file protein_30.csv (CSV, C-alpha atoms)
chain,number,residue,atom,x,y,z
P,37,MET,CA,18.1,-6.2,-81.9
P,38,ALA,CA,20.9,-5.0,-79.7
P,39,ALA,CA,21.2,-1.8,-81.7
P,40,ARG,CA,17.5,-1.2,-81.3
P,41,ALA,CA,17.7,-1.7,-77.5
P,42,ALA,CA,20.6,0.7,-77.3
P,43,ALA,CA,18.7,3.3,-79.3
P,44,LEU,CA,15.7,3.0,-77.1
P,45,MET,CA,17.9,3.4,-74.0
P,46,GLU,CA,19.5,6.4,-75.5
P,47,LEU,CA,16.0,7.9,-76.2
P,48,ASP,CA,15.0,7.3,-72.6
P,49,GLU,CA,18.1,9.1,-71.4
P,50,LEU,CA,17.5,12.1,-73.7
P,51,VAL,CA,13.8,12.4,-72.6
P,52,GLU,CA,14.8,12.1,-68.9
P,53,ALA,CA,17.5,14.8,-69.4
P,54,PHE,CA,14.8,17.1,-70.7
P,55,LEU,CA,12.3,16.3,-68.0
P,56,LEU,CA,14.8,16.8,-65.2
P,57,ARG,CA,15.2,20.4,-66.3
P,58,LEU,CA,11.6,21.3,-66.0
P,59,PRO,CA,11.2,24.0,-63.2
P,60,PRO,CA,10.6,22.6,-59.7
P,61,ASP,CA,8.3,25.6,-58.9
P,62,ASP,CA,5.9,24.6,-61.6
P,63,PRO,CA,4.9,21.0,-60.7
P,64,ALA,CA,2.0,21.2,-63.1
P,65,SER,CA,4.5,21.1,-66.0
P,66,LEU,CA,5.6,17.6,-64.8
P,67,VAL,CA,2.0,16.5,-64.8
P,68,ARG,CA,1.4,17.8,-68.3
P,69,ALA,CA,4.5,16.1,-69.4
P,70,SER,CA,3.3,12.8,-68.1
P,71,LEU,CA,0.2,13.1,-70.3
P,72,VAL,CA,2.3,13.3,-73.5
P,73,CYS,CA,2.8,9.5,-74.0
P,74,LYS,CA,3.4,6.3,-72.1
P,75,LEU,CA,7.2,6.6,-72.3
P,76,TRP,CA,7.2,10.0,-70.6
P,77,ARG,CA,4.7,8.8,-68.0
P,78,ARG,CA,6.9,5.8,-67.2
P,79,ILE,CA,10.0,7.9,-66.8
P,80,LEU,CA,8.2,10.4,-64.5
P,81,ALA,CA,6.6,7.6,-62.4
P,82,ASP,CA,10.0,6.1,-61.6
P,83,ARG,CA,11.1,6.8,-58.0
P,84,GLY,CA,14.6,7.2,-59.3
P,85,PHE,CA,13.5,10.2,-61.4
P,86,ARG,CA,12.3,12.0,-58.3
P,87,ARG,CA,15.6,11.6,-56.6
P,88,ARG,CA,17.6,12.7,-59.6
P,89,PHE,CA,15.2,15.7,-60.1
P,90,CYS,CA,15.6,16.8,-56.4
P,91,GLU,CA,19.4,16.3,-56.5
P,92,LEU,CA,19.7,18.4,-59.7
P,93,HIS,CA,17.7,21.3,-58.4
P,94,ARG,CA,18.9,20.9,-54.8
P,95,ARG,CA,16.7,23.5,-53.1
P,96,ALA,CA,13.0,22.8,-52.6
P,97,PRO,CA,10.8,25.6,-54.1
P,98,VAL,CA,8.2,27.7,-52.3
P,99,LEU,CA,4.9,26.1,-53.4
P,100,GLY,CA,2.6,28.3,-51.3
P,101,LEU,CA,2.0,30.2,-48.1
P,102,VAL,CA,-0.2,29.2,-45.2
P,103,VAL,CA,-1.7,32.5,-44.1
P,104,PHE,CA,-3.9,33.6,-41.2
P,105,GLY,CA,-5.1,37.2,-41.5
P,106,ARG,CA,-6.8,39.5,-39.1
P,107,ASN,CA,-10.2,39.1,-40.6
P,108,GLN,CA,-10.1,35.4,-41.3
P,109,ALA,CA,-11.8,32.7,-39.3
P,110,GLY,CA,-8.9,30.3,-40.0
P,111,SER,CA,-5.8,29.8,-42.1
P,112,CYS,CA,-5.8,29.4,-45.9
P,113,PHE,CA,-3.3,28.1,-48.4
P,114,THR,CA,-2.2,30.8,-50.8
P,115,PRO,CA,-0.5,29.2,-53.9
P,116,THR,CA,2.8,30.8,-55.1
P,117,SER,CA,3.1,28.2,-57.9
P,118,SER,CA,1.0,25.8,-60.0
P,119,PHE,CA,0.8,23.4,-57.0
P,120,ARG,CA,-2.7,22.9,-55.5
P,121,PRO,CA,-2.8,20.9,-52.2
P,122,ARG,CA,-5.2,18.2,-51.4
P,123,ASN,CA,-7.8,19.0,-48.7
P,124,ALA,CA,-6.9,22.6,-49.2
P,125,ASP,CA,-10.1,23.9,-47.5
P,126,LEU,CA,-8.8,24.6,-44.1
P,127,ARG,CA,-12.1,25.9,-42.7
P,128,GLY,CA,-12.9,24.1,-39.5
P,129,ARG,CA,-9.2,23.1,-39.1
P,130,PRO,CA,-6.8,24.4,-36.5
P,131,ARG,CA,-6.3,28.1,-37.4
P,132,TYR,CA,-2.7,28.8,-36.5
P,133,ALA,CA,0.2,27.5,-38.7
P,134,ILE,CA,3.1,27.0,-36.4
P,135,ASP,CA,5.8,25.5,-38.6
P,136,SER,CA,6.5,23.9,-42.0
P,137,ARG,CA,9.4,21.6,-42.8
P,138,HIS,CA,10.2,18.5,-44.8
P,139,GLY,CA,6.9,18.6,-46.7
P,140,ARG,CA,4.5,19.0,-43.7
P,141,VAL,CA,2.7,21.8,-41.9
P,142,LEU,CA,2.1,21.9,-38.1
P,143,PHE,CA,-1.1,23.5,-36.9
P,144,SER,CA,-2.5,24.5,-33.5
P,145,ARG,CA,-6.1,25.3,-32.6
P,146,SER,CA,-5.0,27.7,-29.8
P,147,LEU,CA,-2.0,29.7,-28.7
P,148,ILE,CA,-2.8,29.1,-25.0
P,149,PHE,CA,-0.6,26.3,-23.5
P,150,SER,CA,-2.3,23.4,-21.7
P,151,GLN,CA,-2.0,19.6,-21.4
P,152,PHE,CA,-5.0,19.5,-23.9
P,153,LEU,CA,-3.3,21.6,-26.5
P,154,TYR,CA,-4.6,20.5,-29.9
P,155,LEU,CA,-1.9,20.0,-32.5
P,156,ALA,CA,-2.2,18.5,-36.0
P,157,VAL,CA,0.1,17.8,-38.9
P,158,TRP,CA,-0.9,18.3,-42.6
P,159,ASP,CA,0.7,16.8,-45.7
P,160,PRO,CA,-0.5,19.1,-48.5
P,161,ILE,CA,0.6,16.7,-51.2
P,162,SER,CA,-1.3,13.6,-49.9
P,163,GLY,CA,-3.9,15.6,-48.1
P,164,ASP,CA,-3.4,13.5,-44.9
P,165,TRP,CA,-4.1,15.1,-41.5
P,166,VAL,CA,-2.6,13.5,-38.3
P,167,GLU,CA,-4.1,14.7,-35.0
P,168,LEU,CA,-1.7,14.5,-32.1
P,169,PRO,CA,-2.7,13.2,-28.7
P,170,LYS,CA,-2.8,15.4,-25.6
P,171,LEU,CA,0.5,16.2,-24.0
P,172,PRO,CA,1.8,13.9,-21.2
P,173,ALA,CA,1.8,15.2,-17.6
P,174,PRO,CA,5.3,16.5,-16.8
P,175,GLN,CA,7.3,15.4,-13.7
P,176,HIS,CA,7.3,19.0,-12.5
P,177,PRO,CA,3.9,20.7,-12.3
P,178,ILE,CA,3.4,23.5,-14.8
P,179,ASP,CA,1.7,26.7,-14.1
P,180,SER,CA,0.1,27.3,-17.5
P,181,ILE,CA,-0.8,30.9,-16.8
P,182,GLY,CA,1.5,33.1,-18.8
P,183,ILE,CA,3.5,30.2,-20.2
P,184,ARG,CA,5.0,30.6,-23.7
P,185,TRP,CA,5.7,27.9,-26.2
P,186,ASN,CA,6.7,27.1,-29.7
P,187,ALA,CA,7.0,23.9,-31.8
P,188,ALA,CA,8.5,22.5,-34.9
P,189,VAL,CA,7.8,19.5,-37.3
P,190,LEU,CA,10.6,17.6,-39.0
P,191,CYS,CA,11.3,14.2,-40.5
P,192,ALA,CA,12.3,11.4,-38.1
P,193,SER,CA,15.5,10.2,-39.8
P,194,ASN,CA,17.6,8.5,-37.1
P,195,PRO,CA,17.0,11.1,-34.2
P,196,SER,CA,18.2,8.8,-31.4
P,197,SER,CA,22.0,8.9,-32.2
P,198,SER,CA,24.0,11.9,-31.2
P,199,SER,CA,26.0,11.5,-34.4
P,200,SER,CA,22.9,11.7,-36.6
P,201,SER,CA,22.1,14.8,-38.6
P,202,ILE,CA,18.4,15.4,-39.1
P,203,SER,CA,19.2,18.9,-40.5
P,204,ALA,CA,21.0,17.1,-43.4
P,205,CYS,CA,17.7,15.6,-44.6
P,206,ASP,CA,17.5,15.9,-48.4
P,207,SER,CA,13.7,16.5,-48.3
P,208,ILE,CA,13.3,14.0,-51.2
P,209,ASP,CA,11.2,11.2,-49.8
P,210,CYS,CA,11.2,12.1,-46.1
P,211,HIS,CA,7.6,13.3,-46.2
P,212,LEU,CA,6.5,9.7,-47.0
P,213,GLY,CA,8.1,8.4,-43.8
P,214,HIS,CA,7.7,9.2,-40.1
P,215,PHE,CA,7.9,12.6,-38.6
P,216,LEU,CA,8.6,14.2,-35.2
P,217,VAL,CA,7.0,17.2,-33.5
P,218,VAL,CA,9.2,19.0,-30.9
P,219,LEU,CA,7.4,21.4,-28.6
P,220,MET,CA,9.3,23.7,-26.2
P,221,ALA,CA,7.6,25.6,-23.4
P,222,THR,CA,8.9,27.9,-20.7
P,223,SER,CA,7.3,28.6,-17.3
P,224,ARG,CA,8.7,31.0,-14.7
P,225,HIS,CA,11.3,28.5,-13.5
P,226,ARG,CA,11.8,25.7,-16.1
P,227,VAL,CA,12.1,24.9,-19.7
P,228,TYR,CA,10.1,21.8,-21.0
P,229,VAL,CA,10.5,19.8,-24.2
P,230,TYR,CA,8.0,17.3,-25.5
P,231,VAL,CA,8.7,15.1,-28.6
P,232,TYR,CA,6.0,13.3,-30.5
P,233,SER,CA,6.9,10.4,-32.8
P,234,SER,CA,4.5,9.4,-35.6
P,235,GLN,CA,6.1,6.0,-35.6
P,236,ASP,CA,5.1,5.4,-32.0
P,237,ALA,CA,2.0,7.6,-32.2
P,238,THR,CA,2.8,9.0,-28.8
P,239,TRP,CA,4.8,11.7,-26.9
P,240,SER,CA,8.0,10.8,-25.2
P,241,GLU,CA,8.7,11.5,-21.6
P,242,THR,CA,9.1,15.2,-21.0
P,243,THR,CA,12.6,16.7,-20.9
P,244,SER,CA,13.0,19.7,-18.6
P,245,THR,CA,15.7,21.8,-17.0
P,246,ALA,CA,15.8,24.7,-14.6
P,247,LEU,CA,15.5,28.1,-16.3
P,248,ASP,CA,18.5,29.5,-14.4
P,249,PRO,CA,20.8,31.1,-15.5
P,250,LEU,CA,18.3,32.5,-18.0
P,251,GLY,CA,16.5,34.4,-15.2
P,252,PRO,CA,12.9,34.3,-14.1
P,253,SER,CA,11.6,37.1,-16.2
P,254,LYS,CA,12.2,35.7,-19.6
P,255,ARG,CA,9.7,33.9,-21.8
P,256,LEU,CA,9.8,32.0,-25.1
P,257,CYS,CA,8.6,33.9,-28.1
P,258,PRO,CA,4.8,33.7,-28.7
P,259,VAL,CA,3.9,30.9,-31.1
P,260,GLY,CA,3.3,31.6,-34.8
P,261,LEU,CA,5.6,34.7,-34.8
P,262,ALA,CA,9.0,33.0,-35.0
P,263,VAL,CA,9.6,29.7,-36.9
P,264,ALA,CA,12.3,27.6,-35.3
P,265,ALA,CA,15.7,27.0,-37.0
P,266,LEU,CA,17.0,23.5,-37.6
P,267,ALA,CA,20.8,23.5,-37.8
P,268,SER,CA,23.5,20.9,-36.9
P,269,ASN,CA,21.1,18.4,-35.5
P,270,ALA,CA,19.5,20.9,-33.1
P,271,LEU,CA,16.4,23.0,-33.0
P,272,TYR,CA,16.7,26.7,-32.0
P,273,PHE,CA,13.9,28.9,-30.7
P,274,LYS,CA,14.1,32.7,-30.0
P,275,GLU,CA,13.8,33.6,-26.3
P,276,VAL,CA,12.3,36.9,-25.5
P,277,SER,CA,11.4,39.1,-22.6
P,278,LEU,CA,8.8,41.8,-23.0
P,279,ASP,CA,8.9,41.2,-26.8
P,280,LEU,CA,12.7,41.9,-26.9
P,281,ILE,CA,14.9,39.0,-28.0
P,282,VAL,CA,17.4,38.2,-25.2
P,283,GLY,CA,18.8,34.8,-26.3
P,284,ILE,CA,18.2,31.5,-28.0
P,285,LEU,CA,17.0,28.2,-26.5
P,286,LYS,CA,18.6,25.2,-28.1
P,287,TYR,CA,17.4,21.6,-28.1
P,288,ASP,CA,19.9,19.0,-29.2
P,289,LEU,CA,17.9,16.3,-31.0
P,290,GLY,CA,20.6,13.6,-30.5
P,291,LYS,CA,21.6,14.3,-26.9
P,292,GLN,CA,18.0,15.4,-25.9
P,293,GLU,CA,19.5,18.3,-24.0
P,294,ILE,CA,18.4,21.9,-23.5
P,295,SER,CA,20.8,24.8,-23.4
P,296,PHE,CA,21.0,28.5,-23.8
P,297,VAL,CA,22.8,30.4,-26.6
P,298,ASN,CA,23.9,34.1,-26.1
P,299,LEU,CA,23.3,36.7,-28.8
P,300,PRO,CA,25.8,39.1,-30.5
P,301,PRO,CA,25.9,42.3,-28.5
P,302,ASP,CA,24.4,44.3,-31.4
P,303,ILE,CA,21.3,42.1,-31.4
P,304,HIS,CA,20.5,41.7,-27.7
P,305,GLY,CA,17.2,43.5,-26.9
P,306,GLN,CA,16.2,44.0,-30.6
P,307,ARG,CA,12.7,43.3,-31.8
P,308,GLN,CA,13.0,42.4,-35.5
P,309,VAL,CA,15.3,39.4,-35.4
P,310,LEU,CA,15.0,36.1,-37.3
P,311,LEU,CA,16.9,32.8,-36.8
P,312,THR,CA,18.5,31.7,-40.0
P,313,THR,CA,20.6,28.9,-41.3
P,314,THR,CA,23.9,29.3,-43.2
P,315,GLU,CA,24.8,27.7,-46.5
P,316,TYR,CA,26.9,25.1,-44.6
P,317,GLY,CA,24.0,24.1,-42.3
P,318,GLY,CA,25.0,26.2,-39.3
P,319,LEU,CA,22.9,28.6,-37.3
P,320,GLY,CA,22.7,32.3,-38.3
P,321,ILE,CA,20.9,35.4,-37.1
P,322,ALA,CA,19.3,38.2,-39.1
P,323,ARG,CA,18.5,41.6,-37.7
P,324,VAL,CA,16.0,43.7,-39.7
P,325,GLU,CA,16.6,47.5,-39.7
P,326,SER,CA,14.2,49.4,-41.9
P,327,SER,CA,15.1,48.1,-45.4
P,328,ARG,CA,18.4,46.5,-44.4
P,329,ILE,CA,19.0,43.0,-43.1
P,330,HIS,CA,22.2,42.5,-41.0
P,331,LEU,CA,23.4,38.9,-41.0
P,332,TRP,CA,25.6,37.0,-38.5
P,333,ALA,CA,26.9,33.4,-38.8
P,334,GLY,CA,27.5,31.2,-35.8
P,335,GLU,CA,30.9,29.7,-35.3
P,336,THR,CA,31.7,27.0,-32.8
P,337,GLY,CA,34.7,27.9,-30.6
P,338,PRO,CA,36.5,26.2,-27.7
P,339,GLY,CA,34.3,24.0,-25.5
P,340,GLU,CA,31.7,23.9,-28.3
P,341,ARG,CA,30.7,27.5,-27.4
P,342,LEU,CA,28.9,29.2,-30.2
P,343,GLY,CA,30.2,32.6,-31.2
P,344,TRP,CA,29.1,35.1,-33.8
P,345,VAL,CA,30.7,36.7,-36.9
P,346,PRO,CA,29.1,39.4,-38.9
P,347,SER,CA,28.7,38.1,-42.5
P,348,ARG,CA,27.0,40.8,-44.6
P,349,VAL,CA,24.3,43.5,-45.0
P,350,ILE,CA,21.5,43.1,-47.5
P,351,GLU,CA,20.0,46.3,-49.0
P,352,LEU,CA,16.5,45.4,-49.9
P,353,ASN,CA,15.8,48.6,-51.8
P,354,THR,CA,18.4,47.6,-54.4
P,355,MET,CA,16.6,44.3,-55.1
P,356,LEU,CA,12.9,45.3,-54.8
P,357,PRO,CA,11.0,47.1,-57.5
P,358,ALA,CA,11.0,50.9,-57.6
P,359,ASN,CA,8.4,52.7,-55.4
P,360,THR,CA,8.2,49.7,-53.1
P,361,HIS,CA,7.4,50.6,-49.5
P,362,SER,CA,5.8,49.2,-46.3
P,363,ILE,CA,8.6,46.6,-46.3
P,364,VAL,CA,8.2,43.9,-43.7
P,365,VAL,CA,10.5,40.9,-43.5
P,366,VAL,CA,8.1,38.0,-42.8
P,367,ALA,CA,10.2,34.9,-42.7
P,368,PHE,CA,13.4,33.2,-43.6
P,369,LEU,CA,13.1,30.3,-46.1
P,370,HIS,CA,15.5,27.8,-44.5
P,371,SER,CA,15.7,25.3,-47.4
P,372,ILE,CA,16.6,27.9,-50.0
P,373,GLY,CA,18.4,30.5,-47.9
P,374,ALA,CA,16.1,33.4,-48.9
P,375,PHE,CA,13.9,35.9,-47.1
P,376,LEU,CA,10.2,36.3,-47.5
P,377,VAL,CA,9.3,40.1,-47.7
P,378,SER,CA,5.9,41.6,-47.6
P,379,THR,CA,5.5,45.0,-49.4
P,380,ASN,CA,2.8,47.3,-50.8
P,381,ASP,CA,3.4,45.6,-54.2
P,382,GLY,CA,3.0,42.0,-53.0
P,383,VAL,CA,5.2,39.4,-51.4
P,384,PHE,CA,8.7,38.7,-52.6
P,385,SER,CA,11.3,36.0,-52.1
P,386,VAL,CA,14.7,37.8,-51.7
P,387,ASP,CA,17.8,35.7,-52.4
P,388,PRO,CA,21.0,37.1,-50.9
P,389,GLU,CA,23.2,34.8,-52.9
P,390,SER,CA,21.9,36.0,-56.3
P,391,ASN,CA,20.9,39.5,-55.1
P,392,ARG,CA,17.5,39.0,-56.8
P,393,ALA,CA,13.9,39.3,-55.7
P,394,MET,CA,11.0,37.4,-57.2
P,395,LYS,CA,7.4,38.1,-56.6
P,396,VAL,CA,5.6,35.0,-55.2
P,397,CYS,CA,2.1,36.4,-54.7
P,398,GLU,CA,0.0,39.6,-54.9
P,399,GLY,CA,-1.3,41.4,-51.8
P,400,SER,CA,0.2,41.6,-48.3
P,401,CYS,CA,0.8,38.8,-45.8
P,402,GLY,CA,-1.4,38.1,-42.8
P,403,ILE,CA,-0.5,38.2,-39.2
P,404,ASN,CA,0.6,34.6,-39.2
P,405,VAL,CA,2.5,33.3,-42.3
P,406,VAL,CA,4.3,30.0,-42.8
P,407,PRO,CA,5.9,29.2,-46.1
P,408,TYR,CA,5.4,25.7,-47.6
P,409,MET,CA,8.5,24.4,-49.4
P,410,CYS,CA,8.7,21.0,-51.0
P,411,PHE,CA,9.5,19.1,-54.2
P,412,CYS,CA,6.4,17.8,-55.9
P,413,THR,CA,6.5,15.2,-58.7
P,414,PRO,CA,3.9,12.8,-60.2
P,415,ALA,CA,5.8,9.9,-58.7
P,416,GLN,CA,5.2,11.2,-55.2
P,417,ASP,CA,1.6,10.3,-55.2
P,418,VAL,CA,0.5,6.9,-56.6
P,419,SER,CA,-3.1,7.9,-56.4
P,420,LEU,CA,-2.6,10.8,-58.8
P,421,THR,CA,-5.0,10.3,-61.7
P,422,TYR,CA,-4.8,11.6,-65.3
P,423,THR,CA,-7.9,12.6,-67.3
P,424,ALA,CA,-6.5,12.2,-70.8
P,425,GLU,CA,-3.6,10.9,-72.8
P,426,GLY,CA,-2.3,13.8,-74.7
P,427,PRO,CA,-1.1,17.4,-74.5
P,428,GLY,CA,-3.8,19.9,-73.8
P,429,ALA,CA,-5.7,17.6,-71.5
P,430,SER,CA,-6.9,19.0,-68.2
P,431,VAL,CA,-4.3,18.9,-65.5
P,432,PRO,CA,-5.3,17.5,-62.1
P,433,ASN,CA,-4.2,19.1,-58.8
P,434,VAL,CA,-0.7,18.3,-57.9

call {"tool": "encode", "arguments": {"input": "protein_30.csv", "output": "structure tokens"}}
result
Amino acid sequence: MAARAAALMELDELVEAFLLRLPPDDPASLVRASLVCKLWRRILADRGFRRRFCELHRRAPVLGLVVFGRNQAGSCFTPTSSFRPRNADLRGRPRYAIDSRHGRVLFSRSLIFSQFLYLAVWDPISGDWVELPKLPAPQHPIDSIGIRWNAAVLCASNPSSSSSSISACDSIDCHLGHFLVVLMATSRHRVYVYVYSSQDATWSETTSTALDPLGPSKRLCPVGLAVAALASNALYFKEVSLDLIVGILKYDLGKQEISFVNLPPDIHGQRQVLLTTTEYGGLGIARVESSRIHLWAGETGPGERLGWVPSRVIELNTMLPANTHSIVVVAFLHSIGAFLVSTNDGVFSVDPESNRAMKVCEGSCGINVVPYMCFCTPAQDVSLTYTAEGPGASVPNV
């Protein structure tokens, strides 16, 4: 009897070792595997399998793009994998995708700032929509005319302590818990930060600071054109003046403080600049110049002042297919350290670490593109149903 139990345990371990190595960018393969037999289904349904699967593959895959084009009435989800979201029909929903992180997508109905700004958070795996309440009135009156704003969504793992590290979230089960939405807005004289907690279902009191020494002419980058960077327990937003980047606004999530970060001299006043994150979780900058991407890494110096060190130059022409043109760097994929590049031949994910490019979808990107990155396994959604017991059965949406 003991020998039989040991043999069964060894069989379980062998099957799991195989299932763990299925590609994370093809979640339908996990669903098909769960239809093979009860043993495989039991292994895949275990929450421990999901954690081991994510730890093995480490980097969440790009499952799709939330795209808003010039001729569209609203956003649409464009799959880049076998994943198909629940409640994928976004017609009638808020049209602008603002940010996506930790398994959620943040939407806004309008780009115009007001106290009645309509924001909503979508979980594509569960299909849940959470509509956020209107913003609280700030202590300092806001002149909403000409105000610029941006926002980010992230998991709410211990944000109250200055020693916490939200940016270290493993993106494994965080989408099942509570989340935060951080909104930053700049008026002529002040910077405002609003923080929404799904646990409390309310906005916190508004944090604000005088805009000086930033100067009265500067404005935060228009929403939907620059996804924020999350690094070292802080959110970073590009700060622009007349569409030229002049600095970075930082919001420390633990200390709840607003500060300003200077740019490298070579980047000040440039247009095509992306905020990135380094392999060690720090802040980085990418300047796009034709088919080249120039990278800088942030380094903390004396007095916690952030300095910049050039790291490398990426030649896109050497990685993209021949005869590729109309190259536009659309976004930085923070969880995997790659760039999303739109070309005449489709949209590619360019990985500087491996010097390889992979086509993720056909066609070009719209004017507002937010990548959706997340691990998706059958154990994530207990309501997932199966239509048959064996291979070849129809595969439900995952």

call {"tool": "residues_around", "arguments": {"input": "protein_30.csv", "residues": "range 165-175 of chain P", "least_positions_apart": "2", "cutoff": "6 Å", "atoms": "only C-alpha atoms", "output": "number ranges by chain"}}
result
P: 151-152, 155-158, 242

call {"tool": "atom_distance", "arguments": {"input": "protein_30.csv", "atom1": "CA of Val365 in chain P", "atom2": "CA of Val324 in chain P"}}
result
7.2 Å

call {"tool": "closest_residue", "arguments": {"input": "protein_30.csv", "among": "P:Arg57, P:Arg131, P:Arg341, P:Arg392", "to": "Leu147 in chain P", "atoms": "all atoms listed in the file"}}
result
P:Arg131

call {"tool": "closest_residue", "arguments": {"input": "protein_30.csv", "among": "P:Arg94, P:Arg184, P:His330, P:Arg122", "to": "Ile148 in chain P", "atoms": "all atoms listed in the file"}}
result
P:Arg184

call {"tool": "closest_residue", "arguments": {"input": "protein_30.csv", "among": "P:Leu285, P:Val141, P:Ile350, P:Ala246", "to": "Leu216 in chain P", "atoms": "all atoms listed in the file"}}
result
P:Val141

call {"tool": "residues_around", "arguments": {"input": "protein_30.csv", "residues": "range 405-407 of chain P", "least_positions_apart": "4", "cutoff": "7 Å", "atoms": "all atoms listed in the file", "output": "JSON list (two decimals) with C-alpha atoms, in the frame of the given file"}}
result
[["chain", "number", "residue", "atom", "x", "y", "z"],
["P", 98, "VAL", "CA", 8.20, 27.70, -52.30],
["P", 100, "GLY", "CA", 2.60, 28.30, -51.30],
["P", 101, "LEU", "CA", 2.00, 30.20, -48.10],
["P", 102, "VAL", "CA", -0.20, 29.20, -45.20],
["P", 103, "VAL", "CA", -1.70, 32.50, -44.10],
["P", 104, "PHE", "CA", -3.90, 33.60, -41.20],
["P", 133, "ALA", "CA", 0.20, 27.50, -38.70],
["P", 135, "ASP", "CA", 5.80, 25.50, -38.60],
["P", 136, "SER", "CA", 6.50, 23.90, -42.00],
["P", 401, "CYS", "CA", 0.80, 38.80, -45.80]]

call {"tool": "residues_around", "arguments": {"input": "protein_30.csv", "residues": "Gly318 in chain P", "least_positions_apart": "2", "cutoff": "9 Å", "atoms": "all atoms listed in the file", "output": "JSON, numbers by chain"}}
result
{"P": [266, 267, 268, 312, 313, 314, 315, 316, 320, 333, 334, 335]}

call {"tool": "residues_around", "arguments": {"input": "protein_30.csv", "residues": "Val51 in chain P", "least_positions_apart": "2", "cutoff": "12 Å", "atoms": "only C-alpha atoms", "output": "list in words"}}
result
Leu44, Met45, Glu46, Leu47, Asp48, Glu49, Ala53, Phe54, Leu55, Leu56, Arg57, Leu58, Ala69, Ser70, Val72, Cys73, Leu75, Trp76, Arg77, Arg78, Ile79, Leu80 and Phe85 of chain P

call {"tool": "residues_around", "arguments": {"input": "protein_30.csv", "residues": "Pro357 in chain P", "least_positions_apart": "6", "cutoff": "12 Å", "atoms": "all atoms listed in the file", "output": "list in words"}}
result
Ile363, Thr379, Asn380, Asp381, Gly382, Val383, Phe384, Val386, Arg392, Ala393, Met394 and Lys395 of chain P
